[in-house]
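Here is the structure we will look at.
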Amino acid sequence: MKELSSKHESAIIPTIVIGNQETVIAQSLKTVRDLLRQAKTVEEMQGFWQTVNALEALSKKFRLSKEVQLDATELRIRIERLLGEMLSKNTKKRQGDIRKQSQNSVNVDFDFEDIKSVRSNLSFTTNESLKFQQLASISDEVFEAAITDLRTEAAINRKTALSTKGILRTIRNEHKKDKEPLFSPIIKPSDNWNFSTVQYGRIDEKVREGRGYIPGEIYANCFWYYVKQGDLVIAPMAGSGQVWRVYEARQEWMGQHVYDFKLKMFDLTPRGKYKILISQHDLIKSCPVVNPDYIVMDIPYYGMAAQQYSNKPEDLANMDLENWQRAIGTIAKNCASAQQTGTLCTVISPNYRDVSKGLIVMITDTIRMLWESAGYILYDKTYSSRRIQQNQNPSMARMNNHAKANRIMLTDITEVLTFRKV
Ligand SMILES: C[S@@+](CC[C@H](N)C(=O)[O-])C[C@H]1O[C@@H](n2cnc3c(N)ncnc32)[C@H](O)[C@@H]1O
């Protein structure tokens, strides 16, 4: 506690009568507030600072109401800010004088004695003086917002205190936040969703490459572009829950615009790390939720994943083209009857090309036709690379030659088709 010898104190703080401390301290704080404007020098302002320091200590010692304690602390911080303004002005003036002297090429001897004598009149430390000047450098708007927030927090939460340090910390954190990128690079600005490095890769690295794998980044972009705050989203072919992993990590890829929505997962054969969160459901029978705002499904690509998820006959991966088309048509109708006009449904699929059989099946056109006849219109279409050329090993080189020789391209592009219910 600072020495309480200032002439202001005896004038401002009358003798404390036990039982009446709260009124006396509140009245004394009011007097300081009224007199503050009269302080013209650092020394005078310092007098008020010492007085309020004393009042603050007394308010705590007598365990006065939280309101009076916070009043005292708030006033002390405001005085520190005013002191900071005065000290900064003095420093700037001194620097200007020194510069002038050196420009006139007078032999400049820094008058350390002078500086020392200024400091010796002050009862706060160099560190405190620095903090006061930091407080003074904050704009009025930001300072008022920070002190109000911290005071409110301190009034309701016993663990939070209103303090100079706390205000400076809040401001520092705000600045840090401002430096965070506005948007994550995962969110793509165009309809080319290619990810040179994949942050949300396979969940289970042991499983052979190619099994129902899409980079989680595709889900992140779907959520960003097609989902609004508070929406109910369903992933009815969630498989091993990649979609959940991306949803859980939304703080990472939403940049400065984090928003919340609800996600429910289903699959014919739930598996993997998030299995417990995925409800078993056959989408050919019905849509598992009424009125979803958004549906996103990474469907089993026709002809590419037979027996990979299960050996069930109702598993789309195990069907021939005719049954696959019929089942997908039923799924489109089930989604349409569950969704309201204007809501969106995304279907993710590549086309199918079989080099050995010389077969080309325009699966994405079939999907479009089926969704349109179920009551949707095509709302948006984006592309993403399956990165099949990423491994330039001898077997890839053989596949490439095979494709060229047979005049049937390999499939690399995944289409992300988004439909709007009419
Ligand atoms: C391409 S995978 C989706 C993989 C997913 N992206 C992941 O993170 O694992 C397609 C999923 O559709 C599921 N599926 C196949 N037939 C289905 C049906 N009739 N109803 C619901 N899900 C089905 C499969 O079990 C598989 O998990």
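Chain labels A, B, ... are given in the sequence in which chains occur in the structure tokens; within each chain residues are numbered consecutively from 1, and ligands are likewise numbered from 1 in the order shown.
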Just asking: which residues within stretch 297-406 of chain A are alpha helix (DSSP H) according to DSSP, as number ranges by chain?
A: 321-338, 363-374, 394-406
Using only C-alpha atoms and all ligand atoms, find each protein or nucleic acid residue lying at most 6 Å from ligand 1; present the set as a list in words.
Gly212, Tyr213, Ile214, Met237, Ala238, Gly239, Ser240, Gly241, Gln242, Asp267, Leu268, Thr269, His281, Asp282, Leu283, Ile284, Asp298, Ile299, Pro300, Tyr309, Glu314, Asp315, Leu316 and Ala317 of chain A
Could you give me, as a ChimeraX atom specification, the residues within 9 Å of A:Met399, counting only C-alpha atoms and dropping anything in the same chain fewer than 5 positions from it?
/A:355,394,404,410
Take the residues from that selection and put them in a file with N, CA, C and O atoms, as a PDB file, in the first residue's frame.
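In the end it all went to out-v2.pdb:
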```
ATOM      1  N   VAL A 355     -11.086 -48.468 -67.655  1.00  0.00           N
ATOM      2  CA  VAL A 355     -10.171 -48.539 -68.800  1.00  0.00           C
ATOM      3  C   VAL A 355     -10.171 -49.946 -69.412  1.00  0.00           C
ATOM      4  O   VAL A 355     -10.273 -50.112 -70.627  1.00  0.00           O
ATOM      5  N   PRO A 394       5.678 -46.525 -60.379  1.00  0.00           N
ATOM      6  CA  PRO A 394       5.580 -47.315 -61.618  1.00  0.00           C
ATOM      7  C   PRO A 394       4.170 -47.806 -61.911  1.00  0.00           C
ATOM      8  O   PRO A 394       3.740 -47.839 -63.067  1.00  0.00           O
ATOM      9  N   LYS A 404      -4.136 -44.224 -71.857  1.00  0.00           N
ATOM     10  CA  LYS A 404      -3.855 -43.558 -73.136  1.00  0.00           C
ATOM     11  C   LYS A 404      -4.004 -44.539 -74.292  1.00  0.00           C
ATOM     12  O   LYS A 404      -4.618 -44.230 -75.321  1.00  0.00           O
ATOM     13  N   LEU A 410      -8.707 -41.854 -67.145  1.00  0.00           N
ATOM     14  CA  LEU A 410      -8.940 -42.246 -65.748  1.00  0.00           C
ATOM     15  C   LEU A 410      -9.827 -41.170 -65.108  1.00  0.00           C
ATOM     16  O   LEU A 410      -9.896 -40.046 -65.585  1.00  0.00           O
TER      17      LEU A 410
END
```
Find the residues around stretch 250-266 of chain A up to 7 Å (only C-alpha atoms counted), leave out those fewer than 4 positions away in its own chain, and share them as a PDB file with N, CA and C atoms, in the first residue's frame.
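Saved the output as result-v6.pdb:
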```
ATOM      1  N   PRO A 181      -6.147 -14.640 -39.668  1.00  0.00           N
ATOM      2  CA  PRO A 181      -6.680 -14.435 -41.011  1.00  0.00           C
ATOM      3  C   PRO A 181      -8.202 -14.426 -40.982  1.00  0.00           C
ATOM      4  N   LEU A 182      -8.765 -13.607 -41.859  1.00  0.00           N
ATOM      5  CA  LEU A 182     -10.216 -13.462 -41.909  1.00  0.00           C
ATOM      6  C   LEU A 182     -10.855 -14.795 -42.305  1.00  0.00           C
ATOM      7  N   PHE A 183     -10.236 -15.471 -43.284  1.00  0.00           N
ATOM      8  CA  PHE A 183     -10.749 -16.756 -43.760  1.00  0.00           C
ATOM      9  C   PHE A 183      -9.631 -17.785 -43.800  1.00  0.00           C
ATOM     10  N   SER A 184     -10.005 -19.040 -43.569  1.00  0.00           N
ATOM     11  CA  SER A 184      -9.015 -20.108 -43.626  1.00  0.00           C
ATOM     12  C   SER A 184      -8.713 -20.438 -45.094  1.00  0.00           C
ATOM     13  N   ILE A 186      -8.415 -23.216 -46.286  1.00  0.00           N
ATOM     14  CA  ILE A 186      -9.170 -24.431 -46.636  1.00  0.00           C
ATOM     15  C   ILE A 186     -10.430 -24.066 -47.422  1.00  0.00           C
ATOM     16  N   GLN A 229     -26.122 -20.429 -39.910  1.00  0.00           N
ATOM     17  CA  GLN A 229     -26.178 -20.493 -38.443  1.00  0.00           C
ATOM     18  C   GLN A 229     -27.490 -21.152 -37.994  1.00  0.00           C
ATOM     19  N   GLY A 230     -27.383 -22.146 -37.110  1.00  0.00           N
ATOM     20  CA  GLY A 230     -28.570 -22.760 -36.519  1.00  0.00           C
ATOM     21  C   GLY A 230     -29.228 -23.839 -37.372  1.00  0.00           C
ATOM     22  N   ASP A 231     -28.704 -24.111 -38.576  1.00  0.00           N
ATOM     23  CA  ASP A 231     -29.314 -25.114 -39.455  1.00  0.00           C
ATOM     24  C   ASP A 231     -29.221 -26.526 -38.858  1.00  0.00           C
ATOM     25  N   LEU A 232     -30.178 -27.358 -39.281  1.00  0.00           N
ATOM     26  CA  LEU A 232     -30.091 -28.781 -38.950  1.00  0.00           C
ATOM     27  C   LEU A 232     -29.548 -29.486 -40.194  1.00  0.00           C
ATOM     28  N   VAL A 233     -28.364 -30.110 -40.049  1.00  0.00           N
ATOM     29  CA  VAL A 233     -27.680 -30.734 -41.183  1.00  0.00           C
ATOM     30  C   VAL A 233     -27.660 -32.239 -40.971  1.00  0.00           C
ATOM     31  N   ILE A 234     -27.899 -33.013 -42.049  1.00  0.00           N
ATOM     32  CA  ILE A 234     -27.740 -34.465 -41.886  1.00  0.00           C
ATOM     33  C   ILE A 234     -26.754 -35.023 -42.914  1.00  0.00           C
ATOM     34  N   ALA A 235     -25.984 -36.006 -42.463  1.00  0.00           N
ATOM     35  CA  ALA A 235     -25.064 -36.737 -43.333  1.00  0.00           C
ATOM     36  C   ALA A 235     -25.547 -38.181 -43.310  1.00  0.00           C
ATOM     37  N   PRO A 236     -26.418 -38.603 -44.272  1.00  0.00           N
ATOM     38  CA  PRO A 236     -27.027 -39.941 -44.174  1.00  0.00           C
ATOM     39  C   PRO A 236     -26.146 -41.075 -44.691  1.00  0.00           C
ATOM     40  N   MET A 237     -24.943 -40.719 -45.208  1.00  0.00           N
ATOM     41  CA  MET A 237     -23.982 -41.763 -45.618  1.00  0.00           C
ATOM     42  C   MET A 237     -22.637 -41.415 -44.995  1.00  0.00           C
ATOM     43  N   ALA A 238     -22.653 -41.307 -43.664  1.00  0.00           N
ATOM     44  CA  ALA A 238     -21.495 -40.751 -42.944  1.00  0.00           C
ATOM     45  C   ALA A 238     -20.320 -41.715 -42.838  1.00  0.00           C
ATOM     46  N   VAL A 246     -14.620 -32.967 -39.272  1.00  0.00           N
ATOM     47  CA  VAL A 246     -14.533 -31.622 -39.845  1.00  0.00           C
ATOM     48  C   VAL A 246     -15.477 -30.661 -39.096  1.00  0.00           C
ATOM     49  N   LEU A 277     -21.537 -42.320 -32.706  1.00  0.00           N
ATOM     50  CA  LEU A 277     -22.332 -41.117 -33.016  1.00  0.00           C
ATOM     51  C   LEU A 277     -23.176 -41.290 -34.277  1.00  0.00           C
ATOM     52  N   ILE A 278     -22.966 -42.427 -34.987  1.00  0.00           N
ATOM     53  CA  ILE A 278     -23.655 -42.628 -36.266  1.00  0.00           C
ATOM     54  C   ILE A 278     -24.797 -43.624 -36.079  1.00  0.00           C
ATOM     55  N   SER A 279     -26.012 -43.222 -36.418  1.00  0.00           N
ATOM     56  CA  SER A 279     -27.147 -44.147 -36.270  1.00  0.00           C
ATOM     57  C   SER A 279     -27.270 -45.009 -37.528  1.00  0.00           C
ATOM     58  N   GLN A 280     -27.610 -46.301 -37.301  1.00  0.00           N
ATOM     59  CA  GLN A 280     -27.754 -47.212 -38.428  1.00  0.00           C
ATOM     60  C   GLN A 280     -29.066 -46.888 -39.144  1.00  0.00           C
ATOM     61  N   HIS A 281     -28.976 -46.675 -40.465  1.00  0.00           N
ATOM     62  CA  HIS A 281     -30.207 -46.345 -41.210  1.00  0.00           C
ATOM     63  C   HIS A 281     -30.014 -46.632 -42.696  1.00  0.00           C
TER      64      HIS A 281
END
```
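Of the listed residues A:Arg33, A:Arg202, A:Lys159, A:Lys421, the one whose atoms come nearest to A:Ala374 is A:Lys421, with distances taken using only C-alpha atoms.
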With a distance cut-off of 7 Å and only C-alpha atoms, select the neighbouring residues of stretch 187-191 of chain A, excluding the residue or stretch itself and same-chain residues fewer than 6 positions from it, and output the selection as a PyMOL selection string.
chain A and resi 221+382-383
Store the residues picked out above, limited to C-alpha atoms, as an mmCIF file, in the first residue's frame.
```cif
data_model
loop_
_atom_site.group_PDB
_atom_site.id
_atom_site.type_symbol
_atom_site.label_atom_id
_atom_site.label_comp_id
_atom_site.auth_asym_id
_atom_site.auth_seq_id
_atom_site.Cartn_x
_atom_site.Cartn_y
_atom_site.Cartn_z
ATOM 1 C CA ASN A 221 -16.464 -26.030 -48.046
ATOM 2 C CA THR A 382 -18.049 -27.583 -57.982
ATOM 3 C CA TYR A 383 -15.119 -29.837 -58.750
#
```
